[in-house]
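Shown next: run_37.txt, given as compact mmCIF, C-alpha atoms.
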```
# COMPACT_ATOMS: atom_id res chain seq x y z
CA MET R 1 3.57 -9.50 -48.05
CA ALA R 2 6.01 -9.70 -45.17
CA ASP R 3 5.34 -6.06 -44.32
CA THR R 4 1.58 -6.75 -44.22
CA ASP R 5 2.07 -9.66 -41.80
CA VAL R 6 4.14 -7.47 -39.48
CA ARG R 7 1.45 -4.77 -39.41
CA LEU R 8 -1.26 -7.33 -38.69
CA GLN R 9 0.57 -8.71 -35.64
CA PRO R 10 -0.86 -7.33 -32.33
CA LYS R 11 1.40 -4.94 -30.51
CA LYS R 12 2.78 -6.15 -27.22
CA LYS R 13 1.38 -4.22 -24.26
CA GLY R 14 3.15 -3.53 -20.97
CA LEU R 15 1.80 -4.27 -17.53
CA THR R 16 -1.54 -2.75 -16.63
CA ARG R 17 -1.86 -0.34 -13.73
CA ARG R 18 -3.48 -3.04 -11.58
CA GLN R 19 -0.70 -5.50 -12.35
CA LYS R 20 1.91 -2.89 -11.43
CA ARG R 21 0.16 -2.28 -8.10
CA ARG R 22 0.07 -6.02 -7.37
CA LEU R 23 3.73 -6.36 -8.30
CA SER R 24 4.67 -3.43 -6.08
CA ARG R 25 2.62 -4.79 -3.19
CA GLY R 26 4.17 -8.22 -3.59
CA ALA R 27 7.67 -6.73 -3.58
CA GLN R 28 6.87 -4.86 -0.36
CA TYR R 29 5.66 -8.05 1.31
CA VAL R 30 8.82 -9.86 0.22
CA VAL R 31 11.03 -7.10 1.64
CA PHE R 32 9.07 -7.08 4.91
CA VAL R 33 9.25 -10.86 5.34
CA ALA R 34 12.95 -10.82 4.50
CA ALA R 35 13.60 -8.10 7.10
CA VAL R 36 11.70 -10.10 9.75
CA ILE R 37 13.67 -13.24 8.94
CA VAL R 38 17.00 -11.39 9.09
CA PHE R 39 16.05 -9.84 12.43
CA ALA R 40 14.90 -13.18 13.83
CA VAL R 41 18.08 -14.96 12.73
CA THR R 42 20.64 -12.32 13.72
CA ALA R 43 19.16 -11.08 17.03
CA ASP R 44 20.64 -12.39 20.26
CA TRP R 45 17.40 -13.54 21.87
CA GLY R 46 19.15 -14.80 24.99
CA ARG R 47 20.58 -11.40 25.87
CA LEU R 48 17.28 -9.70 25.04
CA LYS R 49 15.43 -12.09 27.34
CA ASN R 50 17.90 -11.55 30.18
CA GLN R 51 17.62 -7.76 29.86
CA PHE R 52 13.92 -7.25 29.07
CA ALA R 53 12.00 -10.40 30.04
CA GLN R 54 12.81 -11.31 33.63
CA TRP R 55 9.38 -12.48 34.70
CA ASP R 56 10.23 -12.59 38.40
CA ILE R 57 10.98 -8.85 38.26
CA ALA R 58 7.81 -8.25 36.26
CA ARG R 59 5.67 -10.10 38.82
CA GLU R 60 7.04 -7.97 41.65
CA MET R 61 5.76 -4.84 39.88
CA PHE R 62 2.14 -5.90 40.34
CA PRO R 63 -0.22 -4.59 41.52
CA ASP R 64 1.62 -1.26 42.09
CA VAL R 65 2.28 -0.70 38.39
CA ILE R 66 -1.51 -0.64 37.89
CA THR R 67 -2.88 0.75 41.17
CA LEU R 68 -0.20 3.44 41.49
CA ALA R 69 1.72 4.20 38.29
CA LEU R 70 -1.04 3.64 35.71
CA LYS R 71 -3.61 5.29 37.98
CA ASN R 72 -1.47 8.42 38.33
CA THR R 73 -0.82 8.50 34.58
CA VAL R 74 -4.56 8.37 33.88
CA LEU R 75 -5.26 11.08 36.47
CA TYR R 76 -2.59 13.39 35.04
CA THR R 77 -3.87 12.83 31.53
CA ALA R 78 -7.56 13.23 32.36
CA SER R 79 -7.08 16.46 34.31
CA GLY R 80 -4.81 17.91 31.60
CA PHE R 81 -7.27 16.91 28.87
CA VAL R 82 -10.23 18.55 30.61
CA LEU R 83 -8.28 21.76 31.17
CA GLY R 84 -7.02 21.72 27.58
CA LEU R 85 -10.54 21.09 26.28
CA VAL R 86 -12.00 24.10 28.08
CA LEU R 87 -9.07 26.40 27.34
CA GLY R 88 -8.87 25.21 23.73
CA LEU R 89 -12.55 25.99 23.14
CA VAL R 90 -12.13 29.50 24.58
CA ILE R 91 -9.06 30.13 22.43
CA ALA R 92 -10.84 28.82 19.32
CA LEU R 93 -13.74 31.21 19.91
CA MET R 94 -11.25 34.06 20.41
CA ARG R 95 -9.56 33.08 17.13
CA LEU R 96 -12.91 33.30 15.35
CA SER R 97 -13.95 36.53 17.10
CA SER R 98 -14.55 39.75 15.20
CA VAL R 99 -12.55 41.58 17.90
CA GLY R 100 -9.00 42.07 16.65
CA PRO R 101 -7.11 41.85 20.00
CA TYR R 102 -8.84 38.53 20.80
CA ARG R 103 -7.74 37.04 17.48
CA TRP R 104 -4.20 38.35 17.99
CA LEU R 105 -3.90 36.93 21.53
CA ALA R 106 -5.29 33.56 20.46
CA GLY R 107 -2.91 33.39 17.51
CA VAL R 108 0.11 34.23 19.67
CA TYR R 109 -0.85 31.60 22.24
CA ILE R 110 -1.28 28.89 19.61
CA GLU R 111 2.00 29.66 17.87
CA ILE R 112 3.98 29.73 21.14
CA PHE R 113 2.59 26.63 22.84
CA ARG R 114 2.36 24.63 19.64
CA GLY R 115 5.94 25.50 18.74
CA LEU R 116 7.65 24.96 22.11
CA PRO R 117 8.71 21.44 23.11
CA ALA R 118 6.55 20.01 25.90
CA LEU R 119 9.72 19.49 27.95
CA LEU R 120 10.36 23.25 28.12
CA ILE R 121 6.80 23.92 29.23
CA PHE R 122 7.14 21.53 32.17
CA VAL R 123 10.53 23.04 33.08
CA PHE R 124 8.94 26.49 33.01
CA ILE R 125 6.11 25.38 35.33
CA GLY R 126 8.40 23.49 37.70
CA VAL R 127 11.28 26.00 37.86
CA ALA R 128 10.44 29.40 36.39
CA VAL R 129 7.04 29.90 38.04
CA PRO R 130 8.31 29.32 41.63
CA LEU R 131 11.25 31.66 40.95
CA ALA R 132 9.04 34.37 39.49
CA PHE R 133 6.37 34.11 42.20
CA PRO R 134 8.06 33.05 45.49
CA GLY R 135 5.72 31.39 47.95
CA THR R 136 3.04 30.81 45.31
CA GLU R 137 1.70 27.26 45.16
CA ILE R 138 -0.33 25.84 42.28
CA VAL R 139 -3.53 24.30 43.55
CA GLY R 140 -3.33 20.51 43.70
CA GLY R 141 0.44 20.25 44.08
CA THR R 142 2.02 17.93 41.54
CA TYR R 143 -1.37 16.93 40.15
CA GLY R 144 -2.25 20.59 39.60
CA LYS R 145 1.10 21.31 37.94
CA ALA R 146 0.74 18.28 35.70
CA ALA R 147 -2.79 19.29 34.72
CA LEU R 148 -1.58 22.82 33.96
CA GLY R 149 1.35 21.64 31.85
CA LEU R 150 -0.63 19.09 29.86
CA GLY R 151 -3.56 21.49 29.57
CA LEU R 152 -1.41 24.28 28.14
CA ILE R 153 0.10 21.87 25.63
CA GLY R 154 -3.19 20.32 24.61
CA ALA R 155 -5.11 23.60 24.40
CA ALA R 156 -2.94 24.93 21.57
CA TYR R 157 -3.73 21.89 19.40
CA MET R 158 -7.35 21.54 20.50
CA ALA R 159 -8.00 25.22 19.70
CA GLU R 160 -7.15 24.62 16.05
CA THR R 161 -9.21 21.42 16.07
CA PHE R 162 -12.19 23.29 17.51
CA ARG R 163 -11.78 26.10 15.00
CA ALA R 164 -11.77 23.65 12.10
CA GLY R 165 -14.84 21.87 13.52
CA ILE R 166 -16.79 25.09 14.03
CA GLN R 167 -15.99 26.27 10.51
CA ALA R 168 -17.06 22.87 9.13
CA VAL R 169 -20.61 23.36 10.45
CA PRO R 170 -22.76 24.75 7.60
CA LYS R 171 -23.42 28.47 7.98
CA GLY R 172 -27.08 27.79 7.39
CA GLN R 173 -27.29 26.23 10.88
CA LEU R 174 -26.26 29.50 12.51
CA GLU R 175 -28.54 31.53 10.26
CA ALA R 176 -31.48 29.25 11.06
CA ALA R 177 -30.85 29.64 14.79
CA ARG R 178 -30.67 33.42 14.43
CA SER R 179 -33.97 33.42 12.52
CA LEU R 180 -35.55 31.63 15.49
CA GLY R 181 -34.54 34.47 17.78
CA PHE R 182 -31.27 33.05 19.18
CA SER R 183 -28.60 35.54 20.08
CA PRO R 184 -25.19 34.99 18.39
CA GLY R 185 -23.71 33.60 21.60
CA ARG R 186 -26.61 31.28 22.33
CA ALA R 187 -26.70 30.06 18.72
CA MET R 188 -22.99 29.25 18.93
CA VAL R 189 -23.32 27.38 22.24
CA SER R 190 -26.61 25.58 21.56
CA VAL R 191 -26.38 24.83 17.84
CA VAL R 192 -22.90 25.18 16.34
CA ILE R 193 -20.60 23.85 19.07
CA PRO R 194 -22.57 20.57 19.67
CA GLN R 195 -22.38 19.81 15.95
CA ALA R 196 -18.69 20.72 15.88
CA PHE R 197 -18.04 18.29 18.73
CA ARG R 198 -19.42 15.40 16.68
CA ILE R 199 -17.13 16.36 13.80
CA ILE R 200 -13.95 16.65 15.86
CA LEU R 201 -14.33 13.64 18.16
CA PRO R 202 -11.72 11.53 16.29
CA PRO R 203 -8.98 14.22 16.36
CA LEU R 204 -9.81 15.02 19.99
CA THR R 205 -9.30 11.36 20.87
CA ASN R 206 -5.94 11.54 19.11
CA GLU R 207 -5.08 14.54 21.30
CA LEU R 208 -5.97 12.44 24.34
CA ILE R 209 -3.52 9.74 23.22
CA MET R 210 -0.82 12.37 22.72
CA LEU R 211 -1.36 13.80 26.20
CA PHE R 212 -1.31 10.31 27.69
CA LYS R 213 2.20 9.82 26.31
CA ASP R 214 3.31 13.36 27.24
CA SER R 215 2.36 12.64 30.85
CA SER R 216 5.78 10.97 31.14
CA LEU R 217 7.25 14.50 31.44
CA VAL R 218 5.60 14.96 34.83
CA LEU R 219 8.78 13.53 36.37
CA LEU R 220 10.41 16.93 35.67
CA LEU R 221 8.18 18.45 38.35
CA GLY R 222 9.82 16.39 41.08
CA VAL R 223 7.30 13.73 42.07
CA THR R 224 7.18 11.70 45.27
CA LEU R 225 7.05 7.90 45.35
CA GLU R 226 3.25 8.01 45.55
CA GLU R 227 2.99 10.48 42.64
CA ARG R 228 5.07 8.53 40.11
CA GLU R 229 3.60 7.84 36.69
CA LEU R 230 4.45 4.89 34.46
CA SER R 231 7.72 6.14 32.98
CA LYS R 232 9.15 7.32 36.30
CA TYR R 233 8.01 4.12 38.03
CA GLY R 234 9.61 1.95 35.35
CA ARG R 235 12.87 3.91 35.33
CA ASP R 236 13.21 3.80 39.10
CA LEU R 237 12.74 0.04 39.21
CA ALA R 238 15.08 -0.44 36.25
CA SER R 239 17.80 1.44 38.16
CA THR R 240 17.13 -0.57 41.32
CA THR R 241 17.16 -3.97 39.62
CA ALA R 242 19.81 -3.12 36.98
CA ASN R 243 17.42 -4.62 34.44
CA SER R 244 15.17 -3.14 31.72
CA THR R 245 12.17 -5.40 32.35
CA PRO R 246 10.30 -2.67 34.32
CA ILE R 247 10.61 -0.33 31.34
CA LEU R 248 9.11 -2.99 29.06
CA VAL R 249 6.22 -3.57 31.48
CA ALA R 250 5.60 0.19 31.69
CA GLY R 251 5.52 0.37 27.89
CA LEU R 252 2.97 -2.46 27.76
CA CYS R 253 0.81 -0.53 30.24
CA TYR R 254 0.88 2.46 27.89
CA LEU R 255 -0.28 0.20 25.07
CA LEU R 256 -3.03 -1.11 27.33
CA VAL R 257 -4.62 2.34 27.05
CA THR R 258 -3.45 3.72 23.70
CA VAL R 259 -4.34 0.68 21.57
CA PRO R 260 -8.05 0.62 22.59
CA LEU R 261 -8.20 4.41 22.15
CA GLY R 262 -6.71 4.05 18.67
CA PHE R 263 -9.37 1.45 17.85
CA VAL R 264 -12.07 3.86 19.04
CA VAL R 265 -10.64 6.59 16.78
CA ARG R 266 -10.71 4.30 13.74
CA ARG R 267 -14.31 3.28 14.47
CA MET R 268 -15.41 6.90 14.82
CA GLU R 269 -13.66 7.86 11.58
CA ALA R 270 -15.31 4.95 9.77
CA LYS R 271 -18.76 5.97 11.05
CA ALA R 272 -18.12 9.57 10.02
CA GLN R 273 -17.22 8.45 6.49
CA GLU R 274 -20.34 6.29 6.31
CA ALA R 275 -22.45 9.26 7.39
CA VAL R 276 -20.97 11.38 4.62
CA LYS R 277 -21.77 8.71 2.01
```
structure tokens encoding of this file:
Amino acid sequence: MADTDVRLQPKKKGLTRRQKRRLSRGAQYVVFVAAVIVFAVTADWGRLKNQFAQWDIAREMFPDVITLALKNTVLYTASGFVLGLVLGLVIALMRLSSVGPYRWLAGVYIEIFRGLPALLIFVFIGVAVPLAFPGTEIVGGTYGKAALGLGLIGAAYMAETFRAGIQAVPKGQLEAARSLGFSPGRAMVSVVIPQAFRIILPPLTNELIMLFKDSSLVLLLGVTLEERELSKYGRDLASTTANSTPILVAGLCYLLVTVPLGFVVRRMEAKAQEAVK
């Protein structure tokens, strides 16, 4: 009789998968809150304020930090992005070409410029090119050199993004264009590439954010006072004032651009997912 009662008792079940997820999420929140409390209690806020939050120094940076430093950063980034966009599209088409040497050259370019640190590319442009070609000046001076450096960096990544976007376009689109009498080149330019652009807009915007941050390497080219970008401007003032507040202000100016761009990327990705559904 006792054995029968034991068998009739329901077996105890462990936590369900949903309960485990909730428990794990709750533990993560607890750890995060605890870390914030420890940081808030142990940090020396007075020293941090004296080193990074001198508002009188911050006020003296305006309006030059916007009209000069941020403006130059945007110009460097925009010119490099445009050059990288054009060069990346050409390299992507070479990578997809049926001509072997084109594919080989495109592959070598991508592997080299995607593998080298951006710092070395700027050093090469600022030092190696003048030594190799004495008397040769890149059009646009520092702005031209910055556009070239950022463009070479961005093109290697954008080429792969373009290639993925072009291959994501259904082959039936190209076949339909060919059936209407389009040549292969015209079908690619008029039908495939516009559709690929819509697919790759979010990753291209991410590339723009990356180039915006890489523009800080322009200082390696030897810029004048009027050509300084945000990082160089902040570092110069930090050295002059013996205080890190200018660096903090420069960082906030970067966020002034990157945060809205990041929001745009998330919105475009959300719309793309809705379109797929």
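Each of R:Met188, R:Ile199, R:Leu248, R:Leu152 was compared to Leu85 (chain R) using all atoms listed in the file, and R:Leu152 turns out to be the nearest.
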Long-range neighbours of region 165-178 of chain R as number ranges by chain, 7 Å cut-off, all atoms listed in the file, 2 positions minimum in chain: R: 161-163, 180-184, 187, 192-193, 195-196, 199-200
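Each of R:Val127, R:Leu230, R:Ala242, R:Leu89 was checked against Lys71 (chain R) using all atoms listed in the file; the smallest atom-to-atom distance is that of R:Leu230.
Protein, DNA and RNA residues at most 9 Å from (-9.7, 21.9, 25.7), with only C-alpha atoms, are these: Gly80, Phe81, Val82, Leu83, Gly84, Leu85, Val86, Leu87, Gly88, Leu89, Val90, Ile91, Gly151, Leu152, Gly154, Ala155, Ala156, Tyr157, Met158, Ala159, Phe162 and Leu204 of chain R.
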Please enclose the listed atoms of region 240-247 of chain R in an axis-aligned box, pad each side by 4 Å, and write out the centre and the three edge lengths in Å, rounded to one decimal, as lines of an AutoDock Vina configuration file.
```
center_x = 15.1
center_y = -2.9
center_z = 36.3
size_x = 17.5
size_y = 13.1
size_z = 18.0
```
Counting only C-alpha atoms, the residue of R:Thr245, R:Gln28, R:Thr142, R:Gln54 that sits nearest Gly222 (chain R): R:Thr142
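With all atoms listed in the file as the basis for measurement, R:Val218 is the residue among R:Val218, R:Val191, R:Ile112, R:Ile247 that approaches Gly144 (chain R) most closely.
For the pair CA of Ala146 (chain R) and CA of Leu208 (chain R), the interatomic distance is 14.4 Å.
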Radius query 9 Å about (-4.0, 3.4, 28.4), atoms used: only C-alpha atoms, as a list in words: Leu70, Thr73, Val74, Ile209, Phe212, Cys253, Tyr254, Leu255, Leu256, Val257, Thr258, Val259, Pro260 and Leu261 of chain R
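Going from CA of Arg25 (chain R) to CA of Val264 (chain R) covers 28.0 Å.
Here CA of Ser215 (chain R) stands at a distance of 7.2 Å from CA of Leu150 (chain R).
Closest approach to Leu119 (chain R) from the set R:Gly149, R:Gly262, R:Pro101, R:Gly46 is made by R:Gly149, with distances taken over all atoms listed in the file.
Residue nearest Ala147 (chain R) within the list R:Ala238, R:Leu201, R:Leu221, R:Ile57: R:Leu221 [criterion: smallest interatomic distance, only C-alpha atoms].
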